[in-house]
Amino acid sequence: MLNHVNTTDILSAIRLGCETMSRVFDERHNYSPYFGAYLRPTAFLKFSNIYSDAHVPGRHLNALLTAEDAVGVVIQESVIEKHSSAAFRSFSGSLALPLNRDTPGDSPIIFTPHNIREGLHGLYALARYRNSFKARELVESCIKVINDFWNPDSGWNYDNLENQHGLNCISKPGFIGGLARAIGPLTKYFIFTGYAPALELAVVLKDVALNGYFTEEGNYDVSRLGTHVHSITCTMSSLAQLADLTKDSLLMSRVKVFYDNGLKELRDEIGWSLEVNRVERNSDVGEGNNSGDILETALLLGSSGYTSYFQDAERILRCHLLPSQLRDISFVPDCLDGCATGCSHHVAGRLKGAFGFPAPYGHEPVGSVDLKFNLDIVGGVVGSLCEAHRSITNYDGNSHRINLLFDINNKYISIDSQYTHPELRLLLKHPGLLNLRLPLWLNPETINVSGYEGSLINYEGYLHLSNLPVGELISVKFDMPTEEIILEHRMRNIRTRIKGDQVASMENFGTDLTFFRPLE
């Protein structure tokens with residue numbers, strides 16, 4: 001069964017994901033957000049005593065409010081209020097840390113450093129996009145608590161947290177699975193507020209990350225970095241964000257060397273990434289969050305001067321992230337209350353637009369015993385898609401720069417992609433030099449530009465067109481070659497036919513709910 005409604009539209013994927021994040025609440029328990037979401041063998045939603053309060057609302061607030069700002073998605077204020085209530089509740093314990101409850105009726109006392117990234121992301125979004133003074137107070141209190149109970153040499157003082165403050169520290173991850181993940185939201189909070197302790201803590205965490213984890217060689221060492229791949233990829237993207245803010249070329253080069261080397265053990269050529277790196281786990285099971293972080297890192301590398309990484313970003317979007325969104329839910333019977341433990345009404349309808357744990361070829365990896373879409377992942381991927389949409393093109397007042405070959409129509413430019421139209425069509429709404437990224441597979445001799453009389457200058461991976469008329473259509477045509485590649489996975493090689501940077505067909509090994517036509 002082909003379970004993919006074909007799309008190359010980032011904006012529609014963002015909108016659909018926002019709708020999913022608006023339907024995650026348990027009406028029976030004060031609108032607490034669900035975390036686990038299963039469609040096979042039984043459809044049901046599940047509260048998590050580690051992640052529902054302290055993790056889900058942070059991811060979702062960051063994504064929803066970023067989507068509102070970046071692409072103009074209309075979010076019902078009641079949805080923001082429900083997520084905000086959950087986020088504030090998670091910080092209402094004995095210390096300003098993101099805490100969870102054992103059951104929806106308990107007090108928040110469960111702590112793991114793994115959730116600090118998500119807790120801070122939600123508060124940052126409320127501070128920036130809703131001007132929430134309460135969120136700012138909590139971020140700054142949380143930073144103080146971290147400085148009081150953690151240091152770079154000895155880590156967390158769990159004894160004090162448990163014995164003096166009554167917290168139940170049921171998960172004690174290492175540095176990469178814990179506090180390192182928070183570099184990103186700390187960086188974002190400093191950019192918005194200028195609050196110096198946020199940047200100071202981010203720099204301390206960066207120094208620890210470079211000293212013992214993301215080394216000069218850029219290799220992947222499981223004893224240092226662990227097996228939870230999303231913690232690795234989100235720390236990598238966080239370091240790239242900090243490098244971009246501070247214009248630290250040495251830090252960005254450290255990110256690049258890991259991207260080029262160690263990351264290859266955890267991803268494939270189209271951006272699929274392993275969920276957990278353990279021999280006993282199904283190695284076809286991926287995670288959308290990871291691909292989103294890899295995408296964001298590629299965008300930051302591209303904008304810092306390594307422009308070829310924009311092509312990797314485009315391939316990740318077209319070949320994996322966008323196809324892996326759950327759009328066709330016709331295979332799920334509409335499940336009613338009481339049909340399974342923890343079940344909620346209309347599970348299938350709630351999950352339309354979700355992202356989860358796909359294989360490269362489909363939603364259901366060969367050998368999987370269930371089909372799940374943990375709801376926090378929707379927020380992670382939608383946030384990454386927003387950054388991709390922002391990166392399609394930019395205008396600095398003098399020149400337009402097209403980095404990703406997607407359709408877009410904004411106040412500066414209109415672009416119809418050659419992936420969705422007979423040719424690439426451009427219409428400038430403001431004057432300036434046009435810089436169009438050329439994919440590495442493109443033969444420059446096949447480029448044909450209509451509506452332009454000037455010279456075609458191909459320089460550093462971009463086609464440069466000057467003195468373009470405003471308000472007149474320019475068309476750019478070029479050959480888009482088809483090639484067959486092999487995705488080398490641990491359990492199998494996956495033959496894949498790609499046209500340009502988009503999958504035309506792929507081996508699926510007879511499994512169900514596939515994304516692409518089967519490669520014959």
# chains A, B, ... in the order shown; residues from 1 in each chain; ligands from 1

$ residues_around --residues "stretch 390-393 of chain A" --least-positions-apart "3" --cutoff "10 Å" --atoms "only C-alpha atoms" --output "PDB file with C-alpha atoms, in the first residue's frame"
ATOM      1  CA  ALA A  70       8.099  32.391   9.922  1.00  0.00           C
ATOM      2  CA  VAL A  71       5.301  31.417   7.543  1.00  0.00           C
ATOM      3  CA  GLU A 296      19.266  22.648  10.199  1.00  0.00           C
ATOM      4  CA  LEU A 299      21.505  25.117   6.346  1.00  0.00           C
ATOM      5  CA  LEU A 300      23.841  26.803   8.839  1.00  0.00           C
ATOM      6  CA  GLY A 302      25.571  26.572   3.821  1.00  0.00           C
ATOM      7  CA  SER A 303      24.956  30.090   5.102  1.00  0.00           C
ATOM      8  CA  PHE A 310      22.434  23.504   0.727  1.00  0.00           C
ATOM      9  CA  GLU A 314      17.441  19.974  -0.301  1.00  0.00           C
ATOM     10  CA  SER A 384      13.272  22.399  11.279  1.00  0.00           C
ATOM     11  CA  LEU A 385      10.927  22.842   8.312  1.00  0.00           C
ATOM     12  CA  CYS A 386      10.376  26.452   9.375  1.00  0.00           C
ATOM     13  CA  GLU A 387      14.137  27.047   9.251  1.00  0.00           C
ATOM     14  CA  HIS A 400      18.452  37.954  -4.027  1.00  0.00           C
ATOM     15  CA  ARG A 401      19.974  34.608  -3.063  1.00  0.00           C
ATOM     16  CA  ILE A 402      18.128  31.374  -3.872  1.00  0.00           C
ATOM     17  CA  ASN A 403      19.522  28.496  -1.824  1.00  0.00           C
ATOM     18  CA  LEU A 404      16.802  25.847  -2.113  1.00  0.00           C
ATOM     19  CA  LEU A 405      14.867  25.180  -5.317  1.00  0.00           C
ATOM     20  CA  PHE A 406      11.369  25.176  -3.798  1.00  0.00           C
ATOM     21  CA  ASP A 407       8.239  27.113  -4.672  1.00  0.00           C
ATOM     22  CA  ILE A 408       7.831  30.329  -2.714  1.00  0.00           C
ATOM     23  CA  ASN A 410       6.910  36.420  -0.702  1.00  0.00           C
ATOM     24  CA  TYR A 412      10.578  40.041  -2.519  1.00  0.00           C
ATOM     25  CA  ILE A 413      10.380  37.235  -5.074  1.00  0.00           C
ATOM     26  CA  SER A 414       8.178  34.549  -6.604  1.00  0.00           C
ATOM     27  CA  ILE A 415       9.702  31.168  -7.493  1.00  0.00           C
ATOM     28  CA  ASN A 435      22.148  34.472  -7.241  1.00  0.00           C
ATOM     29  CA  LEU A 436      20.690  31.040  -8.038  1.00  0.00           C
TER      30      LEU A 436
END

$ closest_atom_pairs --of "stretch 302-341 of chain A" --to "stretch 453-460 of chain A" --cutoff "10 Å" --atoms "only C-alpha atoms" --output "CSV"
residue,atom,partner,partner_atom,distance
A:Gly305,CA,A:Glu460,CA,9.9
A:Tyr306,CA,A:Glu460,CA,9.9
A:Thr307,CA,A:Glu460,CA,8.2
A:Ser308,CA,A:Glu460,CA,9.2

$ closest_residue --among "A:Arg136, A:Arg267, A:His29, A:Arg350" --to "A:Tyr195" --atoms "only C-alpha atoms"
A:Arg136

$ select_by_dssp --residues "stretch 46-166 of chain A" --states "strand (DSSP E or B)" --output "PyMOL selection string"
chain A and resi 46+100+110+150-151+155-156

$ write_last_selection --atoms "N, CA and C atoms" --output "short mmCIF file (atom, residue, chain, number, x, y, z; two decimals), in the first residue's frame"
data_model
loop_
_atom_site.label_atom_id
_atom_site.label_comp_id
_atom_site.auth_asym_id
_atom_site.auth_seq_id
_atom_site.Cartn_x
_atom_site.Cartn_y
_atom_site.Cartn_z
N LYS A 46 -0.84 7.80 24.59
CA LYS A 46 -0.31 7.42 25.89
C LYS A 46 0.38 8.59 26.58
N ASN A 100 8.28 16.37 35.46
CA ASN A 100 7.12 15.62 35.00
C ASN A 100 6.39 15.02 36.20
N ILE A 110 9.44 14.57 38.88
CA ILE A 110 10.34 13.69 38.11
C ILE A 110 11.25 14.54 37.24
N TRP A 150 24.98 22.01 38.85
CA TRP A 150 25.80 21.32 37.85
C TRP A 150 27.09 22.09 37.66
N ASN A 151 28.18 21.37 37.47
CA ASN A 151 29.42 22.03 37.05
C ASN A 151 30.13 21.13 36.06
N GLY A 155 29.59 17.28 37.08
CA GLY A 155 28.24 17.05 36.59
C GLY A 155 27.18 17.48 37.60
N TRP A 156 26.06 16.75 37.64
CA TRP A 156 24.92 17.11 38.47
C TRP A 156 25.09 16.62 39.91
#

$ atom_distance --atom1 "atom CA of A:Ser48" --atom2 "atom CA of A:Tyr31"
13.8 Å

$ residues_around --residues "A:Ile183" --least-positions-apart "3" --cutoff "8 Å" --atoms "only C-alpha atoms" --output "list in words"
Arg117, Leu179, Ala180, Leu186, Thr187, Ala202, Leu205, Lys206, Thr235, Ser238, Leu239 and Leu242 of chain A

$ residues_around --residues "A:Gln502" --least-positions-apart "3" --cutoff "7 Å" --atoms "only C-alpha atoms" --output "ChimeraX atom specification"
/A:315,318-319,498-499

$ residues_around --residues "A:Pro33" --least-positions-apart "3" --cutoff "12 Å" --atoms "only C-alpha atoms" --output "PDB file with C-alpha atoms, in the first residue's frame"
ATOM      1  CA  THR A  20      -1.386  17.702  14.570  1.00  0.00           C
ATOM      2  CA  MET A  21       0.198  19.593  17.481  1.00  0.00           C
ATOM      3  CA  SER A  22      -3.150  21.240  18.123  1.00  0.00           C
ATOM      4  CA  ARG A  23      -4.814  17.853  18.749  1.00  0.00           C
ATOM      5  CA  VAL A  24      -2.502  16.201  21.302  1.00  0.00           C
ATOM      6  CA  PHE A  25      -4.405  16.998  24.518  1.00  0.00           C
ATOM      7  CA  ASP A  26      -6.110  14.592  26.909  1.00  0.00           C
ATOM      8  CA  GLU A  27      -9.457  16.245  27.606  1.00  0.00           C
ATOM      9  CA  ARG A  28     -10.051  13.878  30.551  1.00  0.00           C
ATOM     10  CA  HIS A  29      -6.974  15.053  32.465  1.00  0.00           C
ATOM     11  CA  ASN A  30      -6.897  18.852  32.311  1.00  0.00           C
ATOM     12  CA  GLY A  36       3.189   8.137  22.824  1.00  0.00           C
ATOM     13  CA  ALA A  37       1.060   7.620  19.713  1.00  0.00           C
ATOM     14  CA  LEU A  45      -2.373   7.538  22.729  1.00  0.00           C
ATOM     15  CA  LYS A  46      -0.306   7.419  25.892  1.00  0.00           C
ATOM     16  CA  PHE A  47       0.778   9.744  28.725  1.00  0.00           C
ATOM     17  CA  SER A  48       4.480   9.552  29.641  1.00  0.00           C
ATOM     18  CA  ASN A  49       5.726  10.122  33.175  1.00  0.00           C
ATOM     19  CA  TYR A  51       8.130  13.381  28.700  1.00  0.00           C
ATOM     20  CA  SER A  52       4.482  14.493  28.529  1.00  0.00           C
ATOM     21  CA  ASP A  53       4.789  17.591  30.755  1.00  0.00           C
ATOM     22  CA  ALA A  54       8.469  18.444  30.508  1.00  0.00           C
ATOM     23  CA  HIS A  55       9.130  17.631  26.858  1.00  0.00           C
ATOM     24  CA  VAL A  56       6.107  17.800  24.557  1.00  0.00           C
ATOM     25  CA  PRO A  57       4.873  21.361  25.263  1.00  0.00           C
ATOM     26  CA  GLY A  58       8.377  22.775  24.841  1.00  0.00           C
ATOM     27  CA  ARG A  59       8.830  21.199  21.422  1.00  0.00           C
ATOM     28  CA  HIS A  60       5.354  22.186  20.337  1.00  0.00           C
ATOM     29  CA  LEU A  61       5.427  25.788  21.567  1.00  0.00           C
ATOM     30  CA  VAL A  79      -3.855  25.673  21.700  1.00  0.00           C
ATOM     31  CA  LYS A  82      -3.004  24.618  26.738  1.00  0.00           C
ATOM     32  CA  HIS A  83       0.633  24.002  25.846  1.00  0.00           C
ATOM     33  CA  SER A  84       1.673  27.020  27.941  1.00  0.00           C
ATOM     34  CA  SER A  85      -0.254  25.693  30.922  1.00  0.00           C
ATOM     35  CA  ALA A  86       1.541  22.351  30.627  1.00  0.00           C
ATOM     36  CA  ALA A  87       4.932  24.048  30.251  1.00  0.00           C
ATOM     37  CA  ARG A  89       3.138  23.366  35.308  1.00  0.00           C
ATOM     38  CA  SER A  90       6.321  21.443  34.558  1.00  0.00           C
ATOM     39  CA  ASN A 100       7.117  15.616  35.001  1.00  0.00           C
ATOM     40  CA  ARG A 101       4.370  13.841  36.943  1.00  0.00           C
ATOM     41  CA  THR A 103       0.343  10.372  36.596  1.00  0.00           C
ATOM     42  CA  PRO A 104      -1.675  13.367  35.394  1.00  0.00           C
ATOM     43  CA  SER A 344      -8.305   8.287  23.002  1.00  0.00           C
ATOM     44  CA  ASN A 374       5.827   9.943  19.325  1.00  0.00           C
ATOM     45  CA  LEU A 375       4.164  13.327  19.416  1.00  0.00           C
ATOM     46  CA  ASP A 376       7.199  15.374  20.433  1.00  0.00           C
TER      47      ASP A 376
END

$ closest_residue --among "A:Gly380, A:Gly353, A:Gly432, A:Gly174" --to "A:Ser399" --atoms "only C-alpha atoms"
A:Gly432

$ atom_distance --atom1 "atom CA of A:His489" --atom2 "atom CA of A:Leu322"
20.6 Å
